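Below is work24.cif, holding mmCIF, C-alpha atoms.
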data_start
#
loop_
_atom_site.group_PDB
_atom_site.id
_atom_site.type_symbol
_atom_site.label_atom_id
_atom_site.label_comp_id
_atom_site.auth_asym_id
_atom_site.auth_seq_id
_atom_site.Cartn_x
_atom_site.Cartn_y
_atom_site.Cartn_z
ATOM 1 C CA MET A 668 30.068 7.848 -9.241
ATOM 2 C CA THR A 669 27.428 5.637 -10.821
ATOM 3 C CA ASP A 670 29.547 2.608 -9.941
ATOM 4 C CA ASP A 671 29.584 3.801 -6.335
ATOM 5 C CA ILE A 672 25.808 4.049 -6.323
ATOM 6 C CA GLN A 673 25.553 0.640 -7.981
ATOM 7 C CA SER A 674 27.781 -1.023 -5.390
ATOM 8 C CA ARG A 675 25.794 0.598 -2.554
ATOM 9 C CA LEU A 676 22.573 -0.551 -4.247
ATOM 10 C CA ASP A 677 23.939 -4.078 -4.569
ATOM 11 C CA SER A 678 24.809 -4.249 -0.871
ATOM 12 C CA ILE A 679 21.907 -2.321 0.670
ATOM 13 C CA THR A 680 18.774 -2.977 -1.424
ATOM 14 C CA PRO A 681 18.504 -6.673 -0.460
ATOM 15 C CA LEU A 682 18.546 -5.564 3.204
ATOM 16 C CA ILE A 683 15.731 -3.074 2.627
ATOM 17 C CA ILE A 684 13.552 -5.974 1.470
ATOM 18 C CA ASP A 685 14.666 -8.860 3.689
ATOM 19 C CA GLY A 686 14.854 -6.450 6.655
ATOM 20 C CA SER A 687 11.268 -5.309 6.165
ATOM 21 C CA PRO A 688 8.856 -7.679 7.959
ATOM 22 C CA HIS A 689 5.881 -6.641 5.807
ATOM 23 C CA ALA A 690 7.813 -7.162 2.565
ATOM 24 C CA VAL A 691 8.856 -10.609 3.842
ATOM 25 C CA ALA A 692 5.273 -11.453 4.881
ATOM 26 C CA LEU A 693 4.039 -10.690 1.358
ATOM 27 C CA GLY A 694 6.970 -12.545 -0.205
ATOM 28 C CA LEU A 695 8.237 -9.491 -2.111
ATOM 29 C CA SER A 696 11.518 -10.060 -3.888
ATOM 30 C CA LEU A 697 14.052 -7.936 -5.715
ATOM 31 C CA GLU A 698 14.667 -8.654 -9.387
ATOM 32 C CA SER A 699 17.141 -5.870 -10.111
ATOM 33 C CA ALA A 700 18.205 -2.471 -8.835
ATOM 34 C CA THR A 701 20.125 0.108 -10.846
ATOM 35 C CA PRO A 702 20.294 3.905 -10.426
ATOM 36 C CA GLY A 703 17.740 4.165 -13.256
ATOM 37 C CA GLN A 704 15.246 1.446 -12.376
ATOM 38 C CA VAL A 705 14.184 -0.939 -9.632
ATOM 39 C CA VAL A 706 12.273 -4.129 -10.448
ATOM 40 C CA MET A 707 10.498 -6.107 -7.735
ATOM 41 C CA SER A 708 7.926 -8.863 -7.726
ATOM 42 C CA ALA A 709 5.141 -10.256 -5.556
ATOM 43 C CA PRO A 710 4.299 -13.948 -5.895
ATOM 44 C CA TYR A 711 0.730 -15.114 -6.441
ATOM 45 C CA ASP A 712 -0.339 -16.869 -3.274
ATOM 46 C CA ASP A 713 -3.714 -18.158 -2.086
ATOM 47 C CA SER A 714 -3.240 -16.314 1.205
ATOM 48 C CA LEU A 715 -3.123 -12.963 -0.634
ATOM 49 C CA ILE A 716 -6.484 -13.341 -2.400
ATOM 50 C CA GLY A 717 -8.819 -10.372 -1.946
ATOM 51 C CA ASP A 718 -11.871 -11.610 -3.839
ATOM 52 C CA PRO A 719 -12.545 -15.317 -3.119
ATOM 53 C CA GLU A 720 -15.023 -15.505 -6.027
ATOM 54 C CA SER A 721 -12.564 -14.474 -8.738
ATOM 55 C CA GLY A 722 -9.334 -15.461 -6.981
ATOM 56 C CA THR A 723 -7.654 -12.124 -7.744
ATOM 57 C CA LEU A 724 -5.006 -10.774 -5.399
ATOM 58 C CA HIS A 725 -6.120 -8.020 -3.035
ATOM 59 C CA GLY A 726 -5.399 -4.471 -4.230
ATOM 60 C CA GLY A 727 -3.406 -4.005 -1.047
ATOM 61 C CA VAL A 728 -0.739 -6.430 -2.298
ATOM 62 C CA VAL A 729 -0.263 -4.290 -5.409
ATOM 63 C CA THR A 730 -0.261 -1.170 -3.191
ATOM 64 C CA ALA A 731 2.477 -2.566 -0.940
ATOM 65 C CA LEU A 732 4.543 -3.825 -3.883
ATOM 66 C CA LEU A 733 4.314 -0.461 -5.667
ATOM 67 C CA ASP A 734 5.069 1.475 -2.463
ATOM 68 C CA HIS A 735 8.130 -0.662 -1.797
ATOM 69 C CA ALA A 736 9.422 -0.564 -5.395
ATOM 70 C CA CYS A 737 8.849 3.213 -5.587
ATOM 71 C CA GLY A 738 10.654 3.681 -2.271
ATOM 72 C CA MET A 739 13.626 1.711 -3.550
ATOM 73 C CA ALA A 740 13.691 3.775 -6.772
ATOM 74 C CA ALA A 741 13.657 6.950 -4.647
ATOM 75 C CA PHE A 742 16.474 5.475 -2.545
ATOM 76 C CA ALA A 743 18.443 4.895 -5.764
ATOM 77 C CA GLY A 744 17.535 8.422 -6.915
ATOM 78 C CA PHE A 745 18.983 9.855 -3.713
ATOM 79 C CA GLY A 746 22.286 8.168 -4.532
ATOM 80 C CA ALA A 747 21.577 5.070 -2.392
ATOM 81 C CA LYS A 748 22.462 6.958 0.779
ATOM 82 C CA ASP A 749 19.193 7.831 2.515
ATOM 83 C CA THR A 750 16.098 5.685 2.831
ATOM 84 C CA PRO A 751 13.148 8.006 2.225
ATOM 85 C CA ALA A 752 9.606 8.033 3.617
ATOM 86 C CA THR A 753 6.522 8.050 1.349
ATOM 87 C CA LEU A 754 4.871 11.472 1.077
ATOM 88 C CA ASP A 755 2.105 10.393 -1.238
ATOM 89 C CA LEU A 756 1.264 7.502 -3.515
ATOM 90 C CA ARG A 757 -1.331 7.580 -6.261
ATOM 91 C CA ILE A 758 -2.353 4.349 -7.930
ATOM 92 C CA ASP A 759 -4.586 3.737 -10.937
ATOM 93 C CA TYR A 760 -5.898 0.167 -11.030
ATOM 94 C CA LEU A 761 -6.165 -0.366 -14.782
ATOM 95 C CA ARG A 762 -7.487 -3.925 -14.623
ATOM 96 C CA PRO A 763 -7.676 -6.823 -12.167
ATOM 97 C CA ALA A 764 -4.553 -8.990 -12.024
ATOM 98 C CA LYS A 765 -5.086 -12.464 -13.498
ATOM 99 C CA PRO A 766 -5.438 -15.182 -10.838
ATOM 100 C CA GLY A 767 -2.364 -17.390 -10.578
ATOM 101 C CA LEU A 768 0.136 -14.901 -11.990
ATOM 102 C CA ASP A 769 2.948 -13.152 -10.112
ATOM 103 C CA ILE A 770 3.027 -9.349 -10.191
ATOM 104 C CA THR A 771 6.104 -7.397 -11.238
ATOM 105 C CA ALA A 772 6.640 -3.713 -10.493
ATOM 106 C CA GLU A 773 9.092 -1.504 -12.373
ATOM 107 C CA ALA A 774 9.860 1.839 -10.727
ATOM 108 C CA SER A 775 11.980 4.757 -11.911
ATOM 109 C CA CYS A 776 12.996 7.923 -10.136
ATOM 110 C CA LEU A 777 12.166 10.843 -12.446
ATOM 111 C CA LYS A 778 13.832 13.527 -10.385
ATOM 112 C CA SER A 779 15.376 13.960 -6.973
ATOM 113 C CA HIS A 780 16.716 17.119 -5.479
ATOM 114 C CA GLY A 781 17.463 18.019 -1.903
ATOM 115 C CA LEU A 782 14.854 16.287 0.195
ATOM 116 C CA VAL A 783 12.252 15.158 -2.345
ATOM 117 C CA ALA A 784 12.198 12.466 -5.045
ATOM 118 C CA PHE A 785 9.519 11.882 -7.701
ATOM 119 C CA VAL A 786 8.909 8.333 -8.844
ATOM 120 C CA ARG A 787 6.757 6.601 -11.438
ATOM 121 C CA ALA A 788 6.006 2.890 -11.581
ATOM 122 C CA THR A 789 3.999 0.265 -13.425
ATOM 123 C CA ALA A 790 2.854 -3.135 -12.234
ATOM 124 C CA HIS A 791 2.104 -5.996 -14.637
ATOM 125 C CA ASP A 792 1.382 -9.705 -14.486
ATOM 126 C CA GLY A 793 3.632 -10.838 -17.304
ATOM 127 C CA ASP A 794 3.272 -8.362 -20.147
ATOM 128 C CA PRO A 795 4.838 -4.945 -19.402
ATOM 129 C CA ASP A 796 2.726 -3.441 -22.212
ATOM 130 C CA ASP A 797 -0.496 -4.470 -20.483
ATOM 131 C CA PRO A 798 -0.076 -3.144 -16.914
ATOM 132 C CA VAL A 799 -2.490 -3.914 -14.087
ATOM 133 C CA ALA A 800 -1.660 -0.663 -12.301
ATOM 134 C CA ILE A 801 0.359 2.502 -12.671
ATOM 135 C CA ALA A 802 1.605 4.637 -9.819
ATOM 136 C CA GLN A 803 3.156 7.982 -9.172
ATOM 137 C CA ALA A 804 4.698 8.833 -5.828
ATOM 138 C CA ALA A 805 6.743 11.408 -3.970
ATOM 139 C CA PHE A 806 9.274 10.543 -1.271
ATOM 140 C CA MET A 807 11.076 12.627 1.268
ATOM 141 C CA ILE A 808 14.107 12.333 3.491
ATOM 142 C CA THR A 809 12.660 12.836 6.975
ATOM 143 C CA LYS A 810 14.274 13.161 10.385
ATOM 144 C CA ALA A 811 12.981 9.692 11.304
ATOM 145 C CA SER A 812 14.245 8.100 8.082
ATOM 146 C CA LYS A 813 17.605 9.810 8.494
ATOM 147 C CA ALA A 814 17.954 8.563 12.078
ATOM 148 C CA ALA A 815 17.026 5.036 10.955
ATOM 149 C CA GLN A 816 19.573 5.204 8.156
ATOM 150 C CA GLU A 817 22.261 6.278 10.627
ATOM 151 C CA LYS A 818 21.369 3.302 12.845
ATOM 152 C CA ALA A 819 21.593 0.962 9.839
ATOM 153 C CA ARG A 820 24.959 2.381 8.809
ATOM 154 C CA ARG A 821 26.371 1.920 12.324
ATOM 155 C CA ALA A 822 25.005 -1.610 12.576
ATOM 156 C CA TYR A 823 26.391 -2.402 9.123
ATOM 157 C CA THR A 824 29.903 -1.128 9.864
ATOM 158 C CA GLU A 825 29.892 -2.909 13.213
ATOM 159 C CA GLY A 826 28.978 -6.076 11.357
ATOM 160 C CA GLN A 827 25.713 -6.732 13.132
ATOM 161 C CA ILE A 828 23.878 -7.135 9.832
ATOM 162 C CA GLY A 829 25.085 -7.971 6.361
ATOM 163 C CA MET B 258 -26.158 -2.324 3.993
ATOM 164 C CA SER B 259 -24.578 -5.422 2.527
ATOM 165 C CA GLN B 260 -23.795 -7.566 5.564
ATOM 166 C CA ALA B 261 -23.106 -10.755 3.586
ATOM 167 C CA LEU B 262 -20.710 -8.931 1.255
ATOM 168 C CA ILE B 263 -18.889 -7.312 4.178
ATOM 169 C CA GLU B 264 -18.379 -10.826 5.562
ATOM 170 C CA THR B 265 -17.068 -11.972 2.160
ATOM 171 C CA LEU B 266 -14.535 -9.131 2.206
ATOM 172 C CA MET B 267 -13.486 -9.691 5.811
ATOM 173 C CA SER B 268 -13.035 -13.434 5.297
ATOM 174 C CA ALA B 269 -10.955 -13.046 2.117
ATOM 175 C CA PRO B 270 -7.601 -14.724 2.861
ATOM 176 C CA TYR B 271 -5.584 -11.506 2.568
ATOM 177 C CA VAL B 272 -7.932 -9.432 4.742
ATOM 178 C CA ALA B 273 -8.264 -12.186 7.376
ATOM 179 C CA ARG B 274 -4.494 -12.592 7.537
ATOM 180 C CA PHE B 275 -4.111 -8.848 7.906
ATOM 181 C CA GLY B 276 -6.271 -9.036 11.046
ATOM 182 C CA VAL B 277 -8.485 -6.052 10.218
ATOM 183 C CA ARG B 278 -11.543 -5.645 12.472
ATOM 184 C CA LEU B 279 -14.624 -3.504 11.952
ATOM 185 C CA ASP B 280 -16.273 -1.736 14.897
ATOM 186 C CA ARG B 281 -19.867 -0.974 13.959
ATOM 187 C CA LYS B 282 -22.202 1.338 15.825
ATOM 188 C CA GLY B 283 -25.339 1.708 13.764
ATOM 189 C CA ASN B 284 -24.258 3.018 10.387
ATOM 190 C CA GLU B 285 -20.993 4.334 11.836
ATOM 191 C CA LEU B 286 -17.987 2.159 11.049
ATOM 192 C CA THR B 287 -14.440 2.303 12.380
ATOM 193 C CA GLY B 288 -11.757 0.010 10.996
ATOM 194 C CA VAL B 289 -9.157 -1.318 13.429
ATOM 195 C CA LEU B 290 -5.781 -2.665 12.334
ATOM 196 C CA PRO B 291 -4.298 -4.350 15.433
ATOM 197 C CA PHE B 292 -0.525 -4.038 15.500
ATOM 198 C CA LYS B 293 1.384 -7.117 14.371
ATOM 199 C CA ASP B 294 5.109 -7.487 13.735
ATOM 200 C CA HIS B 295 4.566 -8.420 10.093
ATOM 201 C CA LEU B 296 3.040 -4.984 9.370
ATOM 202 C CA VAL B 297 6.348 -3.221 10.034
ATOM 203 C CA GLY B 298 8.014 -1.744 6.951
ATOM 204 C CA ASN B 299 11.104 -0.214 8.486
ATOM 205 C CA PRO B 300 12.106 -1.924 11.746
ATOM 206 C CA LEU B 301 14.735 0.729 12.497
ATOM 207 C CA ILE B 302 12.213 3.557 13.089
ATOM 208 C CA PRO B 303 10.066 1.368 13.664
ATOM 209 C CA ALA B 304 7.284 2.359 11.289
ATOM 210 C CA LEU B 305 4.446 0.409 9.692
ATOM 211 C CA HIS B 306 4.818 -0.319 5.971
ATOM 212 C CA GLY B 307 3.272 2.392 3.784
ATOM 213 C CA GLY B 308 1.706 -0.369 1.706
ATOM 214 C CA ALA B 309 0.140 -1.965 4.792
ATOM 215 C CA VAL B 310 -1.385 1.354 5.855
ATOM 216 C CA GLY B 311 -2.584 1.958 2.280
ATOM 217 C CA ALA B 312 -4.128 -1.521 2.065
ATOM 218 C CA PHE B 313 -5.890 -1.003 5.415
ATOM 219 C CA LEU B 314 -7.360 2.298 4.164
ATOM 220 C CA GLU B 315 -8.591 0.540 0.995
ATOM 221 C CA ILE B 316 -10.277 -2.174 3.072
ATOM 222 C CA VAL B 317 -12.016 0.410 5.293
ATOM 223 C CA ALA B 318 -13.136 2.355 2.201
ATOM 224 C CA ALA B 319 -14.689 -0.758 0.641
ATOM 225 C CA ALA B 320 -16.320 -1.855 3.936
ATOM 226 C CA SER B 321 -17.788 1.623 4.472
ATOM 227 C CA LEU B 322 -19.274 1.619 0.979
ATOM 228 C CA MET B 323 -20.961 -1.695 1.719
ATOM 229 C CA ALA B 324 -22.137 -0.494 5.150
ATOM 230 C CA SER B 325 -23.786 2.555 3.623
ATOM 231 C CA GLN B 326 -25.828 0.809 0.901
ATOM 232 C CA PRO B 327 -26.813 -2.596 -0.519
ATOM 233 C CA LEU B 328 -24.383 -3.675 -3.239
ATOM 234 C CA GLN B 329 -24.392 -6.750 -5.468
ATOM 235 C CA ARG B 330 -20.631 -7.206 -5.641
ATOM 236 C CA LEU B 331 -17.483 -6.124 -3.812
ATOM 237 C CA PRO B 332 -16.463 -2.555 -4.742
ATOM 238 C CA LYS B 333 -13.472 -2.493 -7.113
ATOM 239 C CA PRO B 334 -10.868 0.251 -6.704
ATOM 240 C CA ILE B 335 -10.431 2.487 -9.777
ATOM 241 C CA ASP B 336 -7.815 4.774 -8.290
ATOM 242 C CA VAL B 337 -6.521 5.746 -4.873
ATOM 243 C CA ALA B 338 -4.364 8.636 -3.702
ATOM 244 C CA ILE B 339 -2.737 8.102 -0.323
ATOM 245 C CA ASP B 340 -1.089 10.898 1.647
ATOM 246 C CA TYR B 341 1.290 9.899 4.411
ATOM 247 C CA LEU B 342 1.131 12.614 7.064
ATOM 248 C CA ARG B 343 3.164 11.094 9.885
ATOM 249 C CA PRO B 344 5.150 7.889 10.343
ATOM 250 C CA ALA B 345 2.712 5.183 11.485
ATOM 251 C CA ARG B 346 4.277 3.815 14.680
ATOM 252 C CA ALA B 347 4.284 0.227 15.913
ATOM 253 C CA GLN B 348 0.772 0.525 17.390
ATOM 254 C CA ASP B 349 -2.836 -0.158 16.385
ATOM 255 C CA VAL B 350 -4.251 1.985 13.564
ATOM 256 C CA TYR B 351 -7.852 3.166 13.298
ATOM 257 C CA ALA B 352 -9.662 4.533 10.260
ATOM 258 C CA ARG B 353 -12.995 6.025 9.385
ATOM 259 C CA ALA B 354 -14.378 6.756 5.932
ATOM 260 C CA VAL B 355 -16.717 9.365 4.496
ATOM 261 C CA VAL B 356 -18.558 8.463 1.306
ATOM 262 C CA ALA B 357 -18.400 11.797 -0.490
ATOM 263 C CA ARG B 358 -20.577 10.710 -3.411
ATOM 264 C CA SER B 359 -22.115 7.417 -4.342
ATOM 265 C CA GLY B 360 -23.678 7.168 -7.782
ATOM 266 C CA ARG B 361 -25.016 4.272 -9.818
ATOM 267 C CA ARG B 362 -21.584 3.094 -10.946
ATOM 268 C CA VAL B 363 -18.891 5.038 -9.134
ATOM 269 C CA ALA B 364 -18.377 6.074 -5.527
ATOM 270 C CA ASN B 365 -15.966 8.682 -4.213
ATOM 271 C CA VAL B 366 -14.594 7.922 -0.739
ATOM 272 C CA ARG B 367 -12.251 9.648 1.700
ATOM 273 C CA VAL B 368 -10.646 7.761 4.578
ATOM 274 C CA GLU B 369 -8.598 9.064 7.474
ATOM 275 C CA ALA B 370 -6.344 6.913 9.676
ATOM 276 C CA TRP B 371 -5.018 7.776 13.116
ATOM 277 C CA GLN B 372 -3.215 6.140 16.025
ATOM 278 C CA GLY B 373 -2.900 7.881 19.394
ATOM 279 C CA ARG B 374 -4.965 10.968 18.644
ATOM 280 C CA ILE B 375 -7.778 11.320 16.149
ATOM 281 C CA ASP B 376 -6.732 14.939 15.490
ATOM 282 C CA ALA B 377 -3.241 13.775 14.442
ATOM 283 C CA PRO B 378 -3.983 11.572 11.380
ATOM 284 C CA VAL B 379 -1.143 9.374 10.102
ATOM 285 C CA ALA B 380 -2.537 8.915 6.585
ATOM 286 C CA THR B 381 -5.491 9.773 4.381
ATOM 287 C CA LEU B 382 -6.861 8.065 1.295
ATOM 288 C CA HIS B 383 -9.025 9.524 -1.421
ATOM 289 C CA GLY B 384 -10.296 7.068 -3.969
ATOM 290 C CA HIS B 385 -12.863 6.081 -6.559
ATOM 291 C CA PHE B 386 -14.494 2.644 -6.557
ATOM 292 C CA LEU B 387 -16.629 0.860 -9.153
ATOM 293 C CA ILE B 388 -19.850 -0.239 -7.473
ATOM 294 C CA THR B 389 -22.914 -2.232 -8.470
ATOM 295 C CA PRO B 390 -25.839 -1.110 -6.268
ATOM 296 C CA GLU B 391 -28.807 -3.441 -5.794
ATOM 297 C CA ARG B 392 -31.522 -2.424 -8.218
ATOM 298 C CA ARG B 393 -34.301 -0.544 -6.484
ATOM 299 C CA ALA B 394 -37.770 0.380 -7.655
ATOM 300 C CA PRO B 395 -37.598 3.817 -9.296
ATOM 301 C CA GLU B 396 -38.265 6.530 -6.744
ATOM 302 C CA ALA B 397 -40.870 9.191 -7.348
ATOM 303 C CA GLY B 398 -39.508 12.639 -8.305
#
If you took the structure in this file and wrote it as structure tokens, what would it be?
Amino acid sequence: MTDDIQSRLDSITPLIIDGSPHAVALGLSLESATPGQVVMSAPYDDSLIGDPESGTLHGGVVTALLDHACGMAAFAGFGAKDTPATLDLRIDYLRPAKPGLDITAEASCLKSHGLVAFVRATAHDGDPDDPVAIAQAAFMITKASKAAQEKARRAYTEGQIG
Amino acid sequence: MSQALIETLMSAPYVARFGVRLDRKGNELTGVLPFKDHLVGNPLIPALHGGAVGAFLEIVAAASLMASQPLQRLPKPIDVAIDYLRPARAQDVYARAVVARSGRRVANVRVEAWQGRIDAPVATLHGHFLITPERRAPEAG
């Protein structure tokens, strides 16, 4: 069962990142994806600076990274079958990220049942014990996300992508 | 009002690349996020990326704080809670903020984003920001 989920994760999660124009624009990349945890990273880049004086990345980069990593963890929590939509996302910005450092987000699905999944995540710039932000989010399987998933499955089996 | 700071925020590489625009009418401010392909999160719906919508709401919150009072530095987010009410479609997004409370160090802001109809919001943000207001002469009373 877990192996099934893992093989679906291995084949589908890269598509959920490379197939997402915004994730590509920010340069988000997948480090690892297991049923228990998803790790993603955002590279430091001059074009993502939010405060020119300090050179720190814009909070929005951390927001997008956490949203994407949490969504992937929810996807894993749902058995890697349905891509969910974000219901809510709460982020605490514990400290500014250090200029020049990449950001890594680690997200875990705490619970998923029926239509809803609960996820928790941390983002750090090198030391997991000194996070820059923590997040908690809820995801839901919606009609739109289900229809999109069906489209993806058809395209995948017909060999249009992958 | 902190016009120079608003310009600093809007010309920050990330914000400029995002393409966010501010429509100002007096002290009323509406943020506009013109649709661009790179904002799409899920091309199969197609829906804008939740992170892109969240980032846009954060930018409008910060700009509104600076439009409502003189600040010395850019507001720094402490925490944000974003509710996604509807999928944000592949269209422009608009947002307006209400500064619920603005103290000497912390401001509490609510932002609402919509697309086709203002009475059908796609997302809301509620957040706290660290602020550094310009020092003013003490007011009587």
How close does range 283-341 of chain B get to range 690-696 of chain A? List, as a Markdown table, each residue of range 283-341 of chain B within 9 Å, its nearest atom pair and the distance in Å to one decimal, counting only C-alpha atoms.
| residue | atom | partner | partner_atom | distance |
| --- | --- | --- | --- | --- |
| B:His295 | CA | A:Ala692 | CA | 6.1 |
| B:Leu296 | CA | A:Ala692 | CA | 8.2 |
| B:Val297 | CA | A:Ala690 | CA | 8.6 |
| B:Gly298 | CA | A:Ala690 | CA | 7.0 |
| B:His306 | CA | A:Ala690 | CA | 8.2 |
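Each of A:Ile758, A:Ala741, A:Ala747, A:Ile683 was compared to Cys776 in chain A using all atoms listed in the file, and A:Ala741 turns out to be the nearest.
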task: Find the distance between CA of Ser779 in chain A and CA of Thr809 in chain A and write it in Å to one decimal.
output: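 Between CA of Ser779 in chain A and CA of Thr809 in chain A the gap works out to 14.3 Å.
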task: Would you kindly return, as a count of residues only, each protein, DNA or RNA residue with an atom no farther than 9 Å from any atom of Leu715 in chain A, considering only C-alpha atoms and excluding same-chain residues fewer than 6 positions away?
output: 11
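Nearest to Ile716 in chain A of all the residues A:Ala811, A:Val729, A:Ile679, A:Ala743 is A:Val729, counting all atoms listed in the file.
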Saved range 259-276 of chain B from the preceding structure, N, CA and C atoms, as a PDB file, in the first residue's frame:
ATOM      1  N   SER B 259       3.529  57.353   2.998  1.00  0.00           N
ATOM      2  CA  SER B 259       4.970  57.167   2.818  1.00  0.00           C
ATOM      3  C   SER B 259       5.250  56.857   1.355  1.00  0.00           C
ATOM      4  N   GLN B 260       5.112  57.904   0.511  1.00  0.00           N
ATOM      5  CA  GLN B 260       5.226  57.705  -0.935  1.00  0.00           C
ATOM      6  C   GLN B 260       6.557  57.067  -1.331  1.00  0.00           C
ATOM      7  N   ALA B 261       7.666  57.575  -0.743  1.00  0.00           N
ATOM      8  CA  ALA B 261       8.982  57.063  -1.136  1.00  0.00           C
ATOM      9  C   ALA B 261       9.104  55.582  -0.781  1.00  0.00           C
ATOM     10  N   LEU B 262       8.562  55.210   0.387  1.00  0.00           N
ATOM     11  CA  LEU B 262       8.646  53.802   0.804  1.00  0.00           C
ATOM     12  C   LEU B 262       7.802  52.912  -0.090  1.00  0.00           C
ATOM     13  N   ILE B 263       6.608  53.426  -0.481  1.00  0.00           N
ATOM     14  CA  ILE B 263       5.752  52.647  -1.379  1.00  0.00           C
ATOM     15  C   ILE B 263       6.519  52.367  -2.668  1.00  0.00           C
ATOM     16  N   GLU B 264       7.245  53.406  -3.147  1.00  0.00           N
ATOM     17  CA  GLU B 264       8.036  53.210  -4.377  1.00  0.00           C
ATOM     18  C   GLU B 264       9.147  52.184  -4.169  1.00  0.00           C
ATOM     19  N   THR B 265       9.760  52.199  -2.960  1.00  0.00           N
ATOM     20  CA  THR B 265      10.790  51.197  -2.653  1.00  0.00           C
ATOM     21  C   THR B 265      10.199  49.799  -2.749  1.00  0.00           C
ATOM     22  N   LEU B 266       9.003  49.631  -2.151  1.00  0.00           N
ATOM     23  CA  LEU B 266       8.350  48.315  -2.174  1.00  0.00           C
ATOM     24  C   LEU B 266       8.019  47.893  -3.603  1.00  0.00           C
ATOM     25  N   MET B 267       7.423  48.830  -4.361  1.00  0.00           N
ATOM     26  CA  MET B 267       6.959  48.479  -5.703  1.00  0.00           C
ATOM     27  C   MET B 267       8.117  48.227  -6.667  1.00  0.00           C
ATOM     28  N   SER B 268       9.297  48.801  -6.361  1.00  0.00           N
ATOM     29  CA  SER B 268      10.426  48.587  -7.267  1.00  0.00           C
ATOM     30  C   SER B 268      11.328  47.456  -6.802  1.00  0.00           C
ATOM     31  N   ALA B 269      10.984  46.807  -5.670  1.00  0.00           N
ATOM     32  CA  ALA B 269      11.757  45.638  -5.237  1.00  0.00           C
ATOM     33  C   ALA B 269      11.675  44.594  -6.349  1.00  0.00           C
ATOM     34  N   PRO B 270      12.800  43.911  -6.641  1.00  0.00           N
ATOM     35  CA  PRO B 270      12.818  43.008  -7.802  1.00  0.00           C
ATOM     36  C   PRO B 270      11.634  42.044  -7.844  1.00  0.00           C
ATOM     37  N   TYR B 271      11.313  41.432  -6.709  1.00  0.00           N
ATOM     38  CA  TYR B 271      10.232  40.443  -6.691  1.00  0.00           C
ATOM     39  C   TYR B 271       8.892  41.078  -7.030  1.00  0.00           C
ATOM     40  N   VAL B 272       8.611  42.242  -6.428  1.00  0.00           N
ATOM     41  CA  VAL B 272       7.319  42.904  -6.621  1.00  0.00           C
ATOM     42  C   VAL B 272       7.205  43.404  -8.068  1.00  0.00           C
ATOM     43  N   ALA B 273       8.311  43.963  -8.595  1.00  0.00           N
ATOM     44  CA  ALA B 273       8.301  44.482  -9.965  1.00  0.00           C
ATOM     45  C   ALA B 273       8.070  43.343 -10.962  1.00  0.00           C
ATOM     46  N   ARG B 274       8.711  42.207 -10.704  1.00  0.00           N
ATOM     47  CA  ARG B 274       8.580  41.061 -11.585  1.00  0.00           C
ATOM     48  C   ARG B 274       7.163  40.498 -11.567  1.00  0.00           C
ATOM     49  N   PHE B 275       6.562  40.588 -10.392  1.00  0.00           N
ATOM     50  CA  PHE B 275       5.192  40.128 -10.188  1.00  0.00           C
ATOM     51  C   PHE B 275       4.216  40.949 -11.024  1.00  0.00           C
ATOM     52  N   GLY B 276       4.557  42.234 -11.242  1.00  0.00           N
ATOM     53  CA  GLY B 276       3.710  43.103 -12.061  1.00  0.00           C
ATOM     54  C   GLY B 276       2.567  43.741 -11.318  1.00  0.00           C
TER      55      GLY B 276
END
